[in-house]
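As provided, run-v3.csv (CSV, C-alpha atoms and all ligand atoms) reads as follows.
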```csv
chain,number,residue,atom,x,y,z
A,1,MET,CA,69.7,139.0,117.2
A,2,ARG,CA,73.3,139.9,116.4
A,3,GLN,CA,74.1,143.3,115.0
A,4,ASN,CA,77.0,144.4,112.8
A,5,VAL,CA,77.9,148.0,113.4
A,6,ALA,CA,79.8,150.7,111.6
A,7,ILE,CA,80.8,153.6,113.9
A,8,LEU,CA,81.2,156.9,112.0
A,9,GLY,CA,83.3,159.2,114.2
A,10,SER,CA,84.6,156.4,116.5
A,11,THR,CA,87.3,158.5,118.1
A,12,GLY,CA,85.0,161.3,119.3
A,13,SER,CA,83.0,161.7,122.5
A,14,ILE,CA,80.0,159.8,121.2
A,15,GLY,CA,82.1,157.3,119.3
A,16,THR,CA,84.2,156.3,122.3
A,17,GLN,CA,81.1,156.1,124.5
A,18,THR,CA,79.5,153.9,121.9
A,19,LEU,CA,82.4,151.5,122.1
A,20,ASP,CA,82.0,151.5,125.9
A,21,VAL,CA,78.3,150.6,125.5
A,22,ILE,CA,79.1,147.9,123.0
A,23,ASP,CA,81.7,146.4,125.4
A,24,ARG,CA,79.0,146.3,128.1
A,25,ILE,CA,76.5,144.7,125.7
A,26,GLY,CA,79.1,142.1,124.8
A,27,SER,CA,80.4,140.6,121.5
A,28,SER,CA,77.7,137.9,121.6
A,29,HIS,CA,75.2,140.6,120.6
A,30,ILE,CA,77.2,143.2,118.6
A,31,ASP,CA,80.2,143.1,116.3
A,32,VAL,CA,82.1,146.2,115.4
A,33,LEU,CA,82.9,146.0,111.7
A,34,HIS,CA,84.0,149.5,110.9
A,35,LEU,CA,85.6,152.4,112.8
A,36,VAL,CA,85.8,155.6,110.9
A,37,ALA,CA,87.5,158.9,111.9
A,38,ASN,CA,88.9,161.9,110.2
A,39,HIS,CA,92.6,161.4,111.1
A,40,ARG,CA,94.8,158.5,112.0
A,41,SER,CA,95.5,158.9,115.7
A,42,PRO,CA,96.8,156.8,118.6
A,43,ARG,CA,93.2,156.5,119.8
A,44,LEU,CA,92.1,155.2,116.4
A,45,ASP,CA,95.0,152.8,116.3
A,46,GLU,CA,94.2,151.6,119.8
A,47,GLN,CA,90.5,151.0,118.9
A,48,ALA,CA,91.6,149.1,115.7
A,49,LYS,CA,93.8,146.9,117.7
A,50,ARG,CA,91.2,146.3,120.4
A,51,TYR,CA,88.4,145.3,117.9
A,52,SER,CA,90.5,143.5,115.3
A,53,GLY,CA,90.8,140.4,117.4
A,54,ALA,CA,87.2,139.7,118.4
A,55,THR,CA,85.8,141.3,115.2
A,56,SER,CA,86.7,142.1,111.7
A,57,ALA,CA,87.1,145.8,112.3
A,58,ALA,CA,88.3,147.9,109.4
A,59,VAL,CA,89.7,151.3,110.2
A,60,MET,CA,89.2,154.1,107.8
A,61,VAL,CA,90.3,157.7,107.8
A,62,ASP,CA,89.8,160.8,105.7
A,63,GLY,CA,86.4,161.9,104.9
A,64,PRO,CA,83.2,161.2,103.0
A,65,LYS,CA,84.3,158.3,100.8
A,66,CYS,CA,85.4,156.3,103.9
A,67,LEU,CA,82.1,157.0,105.6
A,68,ILE,CA,80.1,155.8,102.7
A,69,ASP,CA,82.3,152.7,102.1
A,70,ALA,CA,81.7,151.7,105.7
A,71,VAL,CA,77.9,152.1,105.4
A,72,MET,CA,77.9,150.2,102.1
A,73,ASP,CA,79.5,147.1,103.5
A,74,PRO,CA,76.7,144.5,102.9
A,75,ARG,CA,77.4,142.9,106.3
A,76,VAL,CA,76.6,146.2,108.2
A,77,ASP,CA,73.1,146.4,109.6
A,78,THR,CA,73.5,149.2,112.1
A,79,VAL,CA,75.3,152.6,111.7
A,80,VAL,CA,76.2,155.0,114.5
A,81,VAL,CA,76.4,158.5,113.0
A,82,ALA,CA,78.7,160.4,115.4
A,83,VAL,CA,80.7,162.7,113.2
A,84,SER,CA,80.8,166.3,114.2
A,85,GLY,CA,79.0,168.2,111.5
A,86,ALA,CA,77.3,167.7,108.1
A,87,ALA,CA,80.3,165.7,106.7
A,88,ALA,CA,78.2,162.6,107.5
A,89,LEU,CA,75.3,163.7,105.3
A,90,GLU,CA,75.9,161.5,102.3
A,91,ALA,CA,76.8,158.5,104.4
A,92,THR,CA,73.6,158.9,106.5
A,93,ILE,CA,71.6,159.1,103.2
A,94,ALA,CA,73.3,155.9,102.0
A,95,ALA,CA,72.4,154.2,105.3
A,96,CYS,CA,68.8,155.3,104.9
A,97,VAL,CA,68.6,154.0,101.3
A,98,ARG,CA,70.0,150.7,102.5
A,99,GLY,CA,67.2,150.5,105.1
A,100,LEU,CA,69.6,150.1,108.0
A,101,ARG,CA,69.2,150.9,111.7
A,102,VAL,CA,70.6,154.4,111.9
A,103,CYS,CA,71.5,155.6,115.4
A,104,ILE,CA,72.0,159.3,114.8
A,105,ALA,CA,73.9,161.6,117.1
A,106,THR,CA,74.8,164.1,114.3
A,107,LYS,CA,72.0,166.6,114.5
A,108,GLU,CA,73.7,168.7,111.8
A,109,VAL,CA,72.6,166.1,109.2
A,110,LEU,CA,68.9,166.5,110.1
A,111,VAL,CA,69.2,170.3,110.3
A,112,ALA,CA,70.8,170.4,106.8
A,113,ALA,CA,68.6,167.8,105.1
A,114,GLY,CA,65.8,166.7,107.4
A,115,ALA,CA,63.1,166.5,104.7
A,116,LEU,CA,65.3,164.3,102.5
A,117,VAL,CA,66.7,162.0,105.2
A,118,MET,CA,63.2,161.4,106.7
A,119,GLN,CA,61.7,160.7,103.3
A,120,LEU,CA,64.4,158.3,102.4
A,121,ALA,CA,64.2,156.5,105.7
A,122,ARG,CA,60.4,156.1,105.3
A,123,ASP,CA,60.7,155.0,101.6
A,124,HIS,CA,63.4,152.4,102.4
A,125,GLY,CA,62.3,151.2,105.8
A,126,ALA,CA,65.3,152.5,107.7
A,127,ALA,CA,64.9,152.9,111.5
A,128,LEU,CA,66.2,156.3,112.6
A,129,LEU,CA,66.9,156.3,116.3
A,130,PRO,CA,68.0,159.4,118.1
A,131,ILE,CA,71.1,159.5,120.3
A,132,ASP,CA,70.8,163.1,121.4
A,133,SER,CA,69.7,162.8,125.0
A,134,GLU,CA,66.8,165.2,124.5
A,135,HIS,CA,65.5,163.4,121.5
A,136,SER,CA,66.0,160.0,123.1
A,137,ALA,CA,63.9,161.3,126.0
A,138,LEU,CA,61.1,162.4,123.6
A,139,PHE,CA,61.4,159.1,121.8
A,140,GLN,CA,61.0,157.1,125.0
A,141,ALA,CA,58.1,159.3,126.2
A,142,ILE,CA,55.9,158.9,123.0
A,143,GLN,CA,56.2,155.1,122.8
A,144,GLY,CA,52.7,153.7,122.4
A,145,TYR,CA,51.1,157.1,121.7
A,146,GLY,CA,49.9,158.3,118.2
A,147,PRO,CA,51.0,161.7,116.7
A,148,ASP,CA,47.5,163.1,117.4
A,149,THR,CA,48.0,162.7,121.1
A,150,ILE,CA,51.0,165.0,121.3
A,151,ASP,CA,50.4,168.7,122.0
A,152,ARG,CA,53.9,170.1,122.6
A,153,MET,CA,57.4,169.0,123.3
A,154,HIS,CA,59.7,170.7,125.8
A,155,LEU,CA,63.5,170.4,125.2
A,156,THR,CA,65.5,170.9,128.3
A,157,ALA,CA,68.8,172.9,128.2
A,158,SER,CA,71.5,173.1,130.8
A,159,GLY,CA,71.9,176.8,129.8
A,160,GLY,CA,75.7,176.2,129.2
A,161,PRO,CA,78.5,178.1,130.8
A,162,PHE,CA,76.9,181.5,130.2
A,163,ARG,CA,73.6,180.8,131.8
A,164,THR,CA,74.2,183.2,134.7
A,165,TRP,CA,76.4,185.7,132.7
A,166,SER,CA,75.2,189.1,131.6
A,167,ALA,CA,75.0,189.9,127.9
A,168,ASP,CA,78.0,192.3,128.5
A,169,GLN,CA,80.1,189.5,130.1
A,170,ILE,CA,79.3,187.2,127.2
A,171,GLN,CA,80.7,189.8,124.8
A,172,ASN,CA,84.1,189.2,126.3
A,173,ALA,CA,83.9,185.4,126.6
A,174,THR,CA,87.2,183.6,125.8
A,175,ILE,CA,87.5,180.3,124.0
A,176,ALA,CA,88.3,178.7,127.4
A,177,ASP,CA,85.2,180.2,128.9
A,178,ALA,CA,83.0,178.9,126.1
A,179,LEU,CA,84.6,175.4,126.3
A,180,ASN,CA,83.8,175.1,130.1
A,181,HIS,CA,80.5,173.3,130.0
A,182,PRO,CA,79.0,172.8,133.4
A,183,THR,CA,77.4,169.3,133.0
A,184,TRP,CA,78.4,167.6,129.8
A,185,LYS,CA,81.9,166.6,128.5
A,186,MET,CA,81.6,166.7,124.7
A,187,GLY,CA,83.5,167.5,121.5
A,188,GLY,CA,84.6,171.1,120.8
A,189,LYS,CA,82.0,172.0,118.2
A,190,ILE,CA,78.9,171.0,120.2
A,191,THR,CA,80.4,172.6,123.4
A,192,ILE,CA,80.7,176.0,121.7
A,193,ASP,CA,77.1,175.5,120.3
A,194,SER,CA,75.9,174.8,123.8
A,195,ALA,CA,77.5,178.0,125.1
A,196,SER,CA,75.8,180.1,122.3
A,197,MET,CA,72.6,177.9,122.6
A,198,MET,CA,72.8,177.3,118.9
A,199,ASN,CA,72.9,173.6,120.0
A,200,LYS,CA,69.4,174.0,121.3
A,201,GLY,CA,68.4,175.8,118.1
A,202,LEU,CA,69.7,172.8,116.1
A,203,GLU,CA,67.9,170.5,118.4
A,204,ILE,CA,64.6,172.3,117.8
A,205,ILE,CA,65.0,171.6,114.1
A,206,GLU,CA,66.1,168.0,114.7
A,207,ALA,CA,62.9,167.5,116.8
A,208,CYS,CA,60.7,169.1,114.1
A,209,TRP,CA,61.9,166.4,111.6
A,210,LEU,CA,62.0,163.4,113.9
A,211,TYR,CA,58.6,164.0,115.4
A,212,GLY,CA,56.8,165.9,112.6
A,213,LEU,CA,55.9,169.0,114.7
A,214,PRO,CA,56.3,172.7,113.7
A,215,GLU,CA,58.8,174.7,115.7
A,216,SER,CA,56.0,176.6,117.3
A,217,ARG,CA,55.1,173.4,119.2
A,218,ILE,CA,58.7,172.8,120.5
A,219,ASP,CA,59.7,174.8,123.5
A,220,VAL,CA,63.0,175.2,125.3
A,221,VAL,CA,63.2,175.2,129.1
A,222,VAL,CA,66.4,175.8,131.0
A,223,HIS,CA,67.1,173.0,133.5
A,224,PRO,CA,70.6,173.5,135.0
A,225,GLN,CA,70.8,170.0,136.7
A,226,SER,CA,70.5,168.1,133.3
A,227,ILE,CA,68.5,165.4,135.0
A,228,VAL,CA,65.2,165.7,133.1
A,229,HIS,CA,66.3,165.1,129.5
A,230,SER,CA,63.1,166.5,127.9
A,231,LEU,CA,59.3,166.3,128.3
A,232,VAL,CA,56.3,165.6,126.1
A,233,GLU,CA,53.0,167.4,126.8
A,234,PHE,CA,50.0,165.4,125.6
A,235,THR,CA,46.6,166.8,124.4
A,236,ASP,CA,45.0,165.9,127.8
A,237,GLY,CA,47.6,168.0,129.6
A,238,SER,CA,49.7,165.1,131.0
A,239,LEU,CA,53.4,165.7,130.9
A,240,LEU,CA,55.9,162.8,130.6
A,241,ALA,CA,59.5,163.4,131.4
A,242,GLN,CA,62.5,161.1,131.0
A,243,MET,CA,65.2,161.3,133.8
A,244,GLY,CA,68.7,160.1,134.4
A,245,TYR,CA,72.3,161.2,135.0
A,246,PRO,CA,73.8,163.3,132.3
A,247,ASP,CA,75.5,160.3,130.7
A,248,MET,CA,75.2,159.7,127.0
A,249,ARG,CA,75.7,156.0,127.3
A,250,LEU,CA,72.1,155.3,128.1
A,251,PRO,CA,70.6,157.0,125.0
A,252,ILE,CA,73.4,155.4,122.9
A,253,GLN,CA,72.3,151.9,124.3
A,254,ILE,CA,68.7,152.7,123.6
A,255,ALA,CA,69.4,153.7,120.0
A,256,LEU,CA,71.4,150.5,119.5
A,257,LEU,CA,69.0,148.1,121.1
A,258,HIS,CA,65.5,149.5,121.1
A,259,PRO,CA,63.1,147.8,122.0
A,260,THR,CA,65.4,145.4,123.9
A,261,LYS,CA,66.3,146.4,127.5
A,262,LEU,CA,69.5,145.1,128.9
A,263,ASP,CA,71.2,145.8,132.3
A,264,THR,CA,74.7,146.7,131.2
A,265,GLY,CA,75.7,148.4,134.5
A,266,ILE,CA,75.3,152.0,133.3
A,267,PRO,CA,75.0,154.0,136.6
A,268,ARG,CA,71.4,154.5,137.7
A,269,LEU,CA,69.9,157.6,139.3
A,270,HIS,CA,67.9,157.0,142.5
A,271,PRO,CA,65.0,159.6,143.0
A,272,THR,CA,66.5,160.5,146.4
A,273,GLN,CA,69.8,161.5,144.6
A,274,MET,CA,68.1,164.1,142.4
A,275,GLY,CA,68.0,167.0,144.8
A,276,THR,CA,66.2,170.1,143.7
A,277,LEU,CA,65.3,170.3,140.1
A,278,GLU,CA,64.9,173.8,138.6
A,279,PHE,CA,63.2,174.9,135.4
A,280,HIS,CA,63.4,178.5,134.0
A,281,ALA,CA,62.4,180.3,130.8
A,282,VAL,CA,65.2,180.9,128.4
A,283,ASP,CA,66.5,184.4,127.9
A,284,THR,CA,66.3,184.6,124.1
A,285,ALA,CA,67.7,188.1,124.0
A,286,LYS,CA,70.9,186.8,125.5
A,287,PHE,CA,71.0,183.8,123.3
A,288,PRO,CA,69.8,185.0,119.8
A,289,ALA,CA,70.9,181.8,118.1
A,290,LEU,CA,67.7,180.2,119.2
A,291,GLU,CA,65.5,182.6,117.3
A,292,LEU,CA,67.8,182.3,114.3
A,293,ALA,CA,67.2,178.6,114.2
A,294,ARG,CA,63.5,179.0,114.5
A,295,GLU,CA,63.5,181.5,111.6
A,296,ALA,CA,65.6,179.1,109.5
A,297,ILE,CA,63.1,176.1,109.9
A,298,ARG,CA,60.1,178.4,109.5
A,299,THR,CA,61.5,179.7,106.2
A,300,GLY,CA,62.5,176.1,105.3
A,301,GLY,CA,64.0,175.0,101.9
A,302,THR,CA,67.8,175.2,102.0
A,303,VAL,CA,67.9,177.9,104.7
A,304,PRO,CA,68.5,175.5,107.6
A,305,ALA,CA,71.4,174.0,105.6
A,306,VAL,CA,72.9,177.4,105.1
A,307,MET,CA,72.6,178.3,108.8
A,308,ASN,CA,74.1,174.9,109.8
A,309,ALA,CA,77.1,175.2,107.4
A,310,ALA,CA,77.7,178.9,108.4
A,311,ASN,CA,77.6,177.9,112.0
A,312,GLU,CA,80.1,175.1,111.6
A,313,ALA,CA,82.5,177.4,109.8
A,314,VAL,CA,82.1,180.2,112.3
A,315,VAL,CA,82.6,177.9,115.3
A,316,ALA,CA,85.8,176.6,113.6
A,317,GLY,CA,86.8,180.3,113.1
A,318,PHE,CA,86.1,181.1,116.7
A,319,LEU,CA,88.1,178.2,118.0
A,320,ALA,CA,90.9,179.3,115.7
A,321,GLY,CA,90.8,182.8,117.2
A,322,LYS,CA,89.4,184.4,114.1
A,323,CYS,CA,86.4,186.1,115.6
A,324,THR,CA,84.9,186.7,119.0
A,325,PHE,CA,82.2,184.7,120.7
A,326,ALA,CA,79.7,187.6,120.3
A,327,GLN,CA,80.5,188.0,116.6
A,328,MET,CA,79.5,184.5,115.6
A,329,HIS,CA,75.7,185.2,115.6
A,330,GLY,CA,76.0,188.1,113.2
A,331,ILE,CA,78.1,186.2,110.7
A,332,VAL,CA,75.7,183.3,110.6
A,333,ALA,CA,72.8,185.6,110.1
A,334,ALA,CA,74.6,187.5,107.3
A,335,ALA,CA,75.3,184.1,105.6
A,336,MET,CA,71.6,183.3,105.7
A,337,ASP,CA,70.9,186.6,103.9
A,338,ALA,CA,73.7,186.2,101.4
A,339,VAL,CA,73.1,182.6,100.1
A,340,GLN,CA,70.2,182.4,97.7
A,341,PRO,CA,67.6,179.9,99.1
A,342,LEU,CA,66.3,177.0,97.0
A,343,ASP,CA,63.0,175.2,97.3
A,344,PRO,CA,62.3,172.4,96.6
A,345,MET,CA,65.7,170.9,97.2
A,346,SER,CA,67.9,167.9,96.3
A,347,LEU,CA,71.1,166.6,97.8
A,348,THR,CA,73.0,168.5,95.2
A,349,ASP,CA,71.2,171.8,96.2
A,350,ILE,CA,72.0,171.1,99.9
A,351,LEU,CA,75.7,170.4,99.2
A,352,ASP,CA,75.8,173.5,96.9
A,353,VAL,CA,74.4,176.0,99.5
A,354,ASP,CA,76.5,174.3,102.2
A,355,ALA,CA,79.6,175.1,100.2
A,356,GLN,CA,78.5,178.6,99.5
A,357,ALA,CA,77.7,179.3,103.2
A,358,ARG,CA,81.2,178.0,104.3
A,359,ALA,CA,82.9,180.1,101.6
A,360,TYR,CA,80.9,183.2,102.7
A,361,VAL,CA,82.0,182.7,106.3
A,362,THR,CA,85.6,182.1,105.4
A,363,SER,CA,85.7,185.3,103.4
A,364,CYS,CA,84.0,187.2,106.2
A,365,LEU,CA,86.5,186.0,108.7
A,366,GLU,CA,89.4,186.8,106.5
A,367,ASN,CA,88.2,190.2,105.2
A,368,HIS,CA,86.3,191.7,108.0
A,369,PHE,CA,87.6,190.2,111.2
A,370,GLY,CA,91.3,190.2,110.5
A,371,ALA,CA,92.1,186.5,110.3
A,372,SER,CA,95.6,185.5,111.5
A,401,LIG,N1,79.3,164.6,122.7
A,401,LIG,C1,78.0,164.5,123.2
A,401,LIG,O1,77.8,164.3,124.4
A,401,LIG,C2,76.9,164.7,122.2
A,401,LIG,C3,75.6,164.7,122.7
A,401,LIG,C4,74.5,164.8,121.8
A,401,LIG,C5,74.8,164.9,120.4
A,401,LIG,N2,76.1,164.9,120.0
A,401,LIG,C6,76.3,165.1,118.5
A,401,LIG,O2,77.2,164.0,118.1
A,401,LIG,C7,78.0,164.4,117.1
A,401,LIG,C8,79.5,164.1,117.5
A,401,LIG,O3,79.8,164.9,118.6
A,401,LIG,P1,81.1,164.6,119.5
A,401,LIG,O4,81.0,165.4,120.7
A,401,LIG,O5,81.2,163.1,119.7
A,401,LIG,O6,82.2,165.2,118.5
A,401,LIG,P2,83.8,164.9,118.6
A,401,LIG,O7,84.2,164.5,120.0
A,401,LIG,O8,84.4,166.2,118.1
A,401,LIG,O9,84.1,163.7,117.6
A,401,LIG,C9,83.8,163.8,116.2
A,401,LIG,C10,84.2,162.5,115.6
A,401,LIG,O10,83.9,162.7,114.2
A,401,LIG,C11,85.1,162.4,113.4
A,401,LIG,N3,85.0,163.2,112.2
A,401,LIG,C12,84.9,164.5,112.1
A,401,LIG,N4,84.8,164.9,110.8
A,401,LIG,C13,84.9,163.7,110.0
A,401,LIG,C14,85.0,163.4,108.7
A,401,LIG,N5,84.9,164.4,107.7
A,401,LIG,N6,85.1,162.1,108.3
A,401,LIG,C15,85.2,161.1,109.2
A,401,LIG,N7,85.1,161.4,110.5
A,401,LIG,C16,85.1,162.6,111.0
A,401,LIG,C17,86.3,162.8,114.3
A,401,LIG,O11,87.5,162.1,113.9
A,401,LIG,P3,88.9,162.7,114.4
A,401,LIG,O12,89.0,162.3,115.9
A,401,LIG,O13,89.9,162.0,113.6
A,401,LIG,O14,88.9,164.2,114.2
A,401,LIG,C18,85.7,162.2,115.6
A,401,LIG,O15,85.8,160.8,115.6
A,401,LIG,C19,77.8,165.9,116.9
A,401,LIG,O16,76.9,166.1,115.8
A,401,LIG,C20,77.1,166.4,118.2
A,401,LIG,O17,76.2,167.5,118.0
A,401,LIG,C21,77.1,164.8,120.8
```

Is it possible to give me this structure as structure tokens?
Ligand SMILES: NC(=O)c1ccc[n+]([C@@H]2O[C@H](COP(=O)([O-])OP(=O)(O)OC[C@H]3O[C@@H](n4cnc5c(N)ncnc54)[C@H](OP(=O)(O)O)[C@@H]3O)[C@@H](O)[C@H]2O)c1
Amino acid sequence: MRQNVAILGSTGSIGTQTLDVIDRIGSSHIDVLHLVANHRSPRLDEQAKRYSGATSAAVMVDGPKCLIDAVMDPRVDTVVVAVSGAAALEATIAACVRGLRVCIATKEVLVAAGALVMQLARDHGAALLPIDSEHSALFQAIQGYGPDTIDRMHLTASGGPFRTWSADQIQNATIADALNHPTWKMGGKITIDSASMMNKGLEIIEACWLYGLPESRIDVVVHPQSIVHSLVEFTDGSLLAQMGYPDMRLPIQIALLHPTKLDTGIPRLHPTQMGTLEFHAVDTAKFPALELAREAIRTGGTVPAVMNAANEAVVAGFLAGKCTFAQMHGIVAAAMDAVQPLDPMSLTDILDVDAQARAYVTSCLENHFGAS
């Protein structure tokens, strides 16, 4: 069956890899109807040119309204959510309410509003398919098994650039150090989150919502080779892992096509090429963001939305040279204390605490950390 796709965040790392996958699948299966980014750029213009001949691609720029307009096009049946950050929240909600296939890379949306998004997806028959490689691995491993058969889930983590650094060395990490991820080439925000391991904290919350488990049943294991993308442990003790190269194109293809399997030529990993696979416990004292995320989802309500927004703002601040790598954690924790939690919550509540958390971090960076 043909699919008509809107790609939210088409110029980013996931967006461009999505277009590569769509090219491999072929225009007889998938049409690109909308490409949305935040800025007009040569890459966006090039994409528009490339897809305007074979398809009716419409290029949109500048924020939430464009994202929602693309999703609301009645011809669109599949949305790829690949915007960096919670800016895609309202568009994802619109896609769920329309009952579309929602291929979601943007974990921040589920962190900020997991309860709401999951409820709307259920109510309106939307299919929410994870693109994050860990969550795609879990999704693949549980096919055919009921929720009662799952004991725990193990998210693998490369450990990022600071896996072997001491806590003291991390104190002095530069922007270039933090952007130097050993196995994945990704956008700036997720790369910094990987260095602090906040990315894994966000993924714990993402897994809680996608698979209906409490955080206490989602473990993190450091696996530097990034070959095993995650594991499911069943109630009988059996452990199922999904393996492959660290290449986002396969999880993107699975989200677009599941349950169809197509050979699109994405490089395959032969077992003899795997080499030695290592698994280590994570050092939570060195990476305190993990416990912060666990605390946020345990507390629930709007607290994860506050943590997420504060983290987005502080990562932007770090990349702009306004705080050090080691200061980020304390600022996010302070924002979680400062913003009044709300429970139960609506979209308005979430957007409200999100704005408060960003304002809090901005003021922190300007007043306490000597913004330039
Ligand atoms: N990269 C990966 O390998 C990977 C893996 C797993 C999950 N993810 C998740 O996927 C998401 C995207 O990551 P990424 O690495 O692809 O990020 P990225 O390379 O920074 O790309 C972000 C994309 O979002 C667009 N964008 C940002 N804010 C927007 C807004 N307000 N309105 C419209 N478009 C906006 C950007 O447009 P401009 O180019 O115009 O700024 C760009 O196209 C993140 O949530 C990340 O956690 C990524």

Exercise. Within 6 Å of ligand LIG 401 (chain A), which residues show up when you count all atoms listed in the file? List them as a ChimeraX atom specification, please.
Key: /A:9-15,36-39,62-64,82-85,87,105-108,132,186-188,190,248

Quiz item: Of the residues A:Val71, A:Cys323, A:Leu256, A:Ile266, which is the one nearest to Leu129 of chain A, using only C-alpha atoms?
Solution: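 Between A:Val71, A:Cys323, A:Leu256, A:Ile266, the residue approaching Leu129 of chain A most closely is A:Leu256.
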
Exercise. Show which residues sit within 8 Å of Thr235 of chain A, as a list in words. Count only C-alpha atoms, and ignore same-chain residues fewer than 2 positions away.
Key: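 What passes the distance filter is Asp148, Thr149, Ile150, Asp151, Glu233, Gly237 and Ser238 of chain A.
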
How would the residues just picked look written out with C-alpha atoms as a PDB file, keeping the file's coordinate frame?
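See out12.pdb below for the written result:
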```
ATOM      1  CA  ASP A 148      47.500 163.100 117.400  1.00  0.00           C
ATOM      2  CA  THR A 149      48.000 162.700 121.100  1.00  0.00           C
ATOM      3  CA  ILE A 150      51.000 165.000 121.300  1.00  0.00           C
ATOM      4  CA  ASP A 151      50.400 168.700 122.000  1.00  0.00           C
ATOM      5  CA  GLU A 233      53.000 167.400 126.800  1.00  0.00           C
ATOM      6  CA  GLY A 237      47.600 168.000 129.600  1.00  0.00           C
ATOM      7  CA  SER A 238      49.700 165.100 131.000  1.00  0.00           C
TER       8      SER A 238
END
```

Quiz prompt | For Trp165 of chain A: contacts at 12 Å, only C-alpha atoms, fewer than 3 positions along chain excluded, given as a PyMOL selection string | solution = chain A and resi 159-162+168-173+177-178+195-196+283+286-287

Just write the chosen residues, C-alpha atoms, as a PDB file, keeping the file's coordinate frame.
```pdb
ATOM      1  CA  GLY A 159      71.900 176.800 129.800  1.00  0.00           C
ATOM      2  CA  GLY A 160      75.700 176.200 129.200  1.00  0.00           C
ATOM      3  CA  PRO A 161      78.500 178.100 130.800  1.00  0.00           C
ATOM      4  CA  PHE A 162      76.900 181.500 130.200  1.00  0.00           C
ATOM      5  CA  ASP A 168      78.000 192.300 128.500  1.00  0.00           C
ATOM      6  CA  GLN A 169      80.100 189.500 130.100  1.00  0.00           C
ATOM      7  CA  ILE A 170      79.300 187.200 127.200  1.00  0.00           C
ATOM      8  CA  GLN A 171      80.700 189.800 124.800  1.00  0.00           C
ATOM      9  CA  ASN A 172      84.100 189.200 126.300  1.00  0.00           C
ATOM     10  CA  ALA A 173      83.900 185.400 126.600  1.00  0.00           C
ATOM     11  CA  ASP A 177      85.200 180.200 128.900  1.00  0.00           C
ATOM     12  CA  ALA A 178      83.000 178.900 126.100  1.00  0.00           C
ATOM     13  CA  ALA A 195      77.500 178.000 125.100  1.00  0.00           C
ATOM     14  CA  SER A 196      75.800 180.100 122.300  1.00  0.00           C
ATOM     15  CA  ASP A 283      66.500 184.400 127.900  1.00  0.00           C
ATOM     16  CA  LYS A 286      70.900 186.800 125.500  1.00  0.00           C
ATOM     17  CA  PHE A 287      71.000 183.800 123.300  1.00  0.00           C
TER      18      PHE A 287
END
```

Quiz prompt | Distance in Å - atom CA of Asp77 of chain A versus atom CA of Gln3 of chain A | solution =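 A separation of 6.3 Å between them.
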
Quiz prompt | For Val332 of chain A: contacts at 7 Å, only C-alpha atoms, fewer than 5 positions along chain excluded, given as a list of chain:residue names | solution = A:Met307, A:Ala310, A:Asn311

Quiz prompt | Close residues, Ala338 of chain A itself excluded, 9 Å, all atoms listed in the file, min 5 positions apart in chain, as a PyMOL selection string | solution = chain A and resi 333+357+360

From the block I gave, I'd like segment 303-313 of chain A written with N, CA and C atoms, as a tab-separated table (two decimals), in the first residue's frame.
```tsv
chain	number	residue	atom	x	y	z
A	303	VAL	N	6.44	16.91	36.12
A	303	VAL	CA	7.87	16.98	36.45
A	303	VAL	C	8.77	16.54	35.28
A	304	PRO	N	8.44	15.44	34.57
A	304	PRO	CA	9.29	15.11	33.41
A	304	PRO	C	9.31	16.21	32.34
A	305	ALA	N	8.17	16.91	32.18
A	305	ALA	CA	8.13	18.01	31.18
A	305	ALA	C	9.05	19.14	31.61
A	306	VAL	N	9.09	19.40	32.92
A	306	VAL	CA	9.98	20.45	33.44
A	306	VAL	C	11.43	20.03	33.23
A	307	MET	N	11.73	18.78	33.58
A	307	MET	CA	13.11	18.30	33.42
A	307	MET	C	13.53	18.41	31.95
A	308	ASN	N	12.64	17.98	31.06
A	308	ASN	CA	12.97	17.99	29.63
A	308	ASN	C	13.24	19.41	29.12
A	309	ALA	N	12.32	20.32	29.46
A	309	ALA	CA	12.47	21.70	28.97
A	309	ALA	C	13.73	22.34	29.55
A	310	ALA	N	13.98	22.10	30.84
A	310	ALA	CA	15.17	22.67	31.49
A	310	ALA	C	16.42	22.11	30.82
A	311	ASN	N	16.37	20.82	30.52
A	311	ASN	CA	17.53	20.20	29.87
A	311	ASN	C	17.76	20.78	28.47
A	312	GLU	N	16.67	20.96	27.70
A	312	GLU	CA	16.83	21.55	26.36
A	312	GLU	C	17.48	22.93	26.46
A	313	ALA	N	17.00	23.72	27.44
A	313	ALA	CA	17.52	25.09	27.58
A	313	ALA	C	18.97	25.08	28.05
```
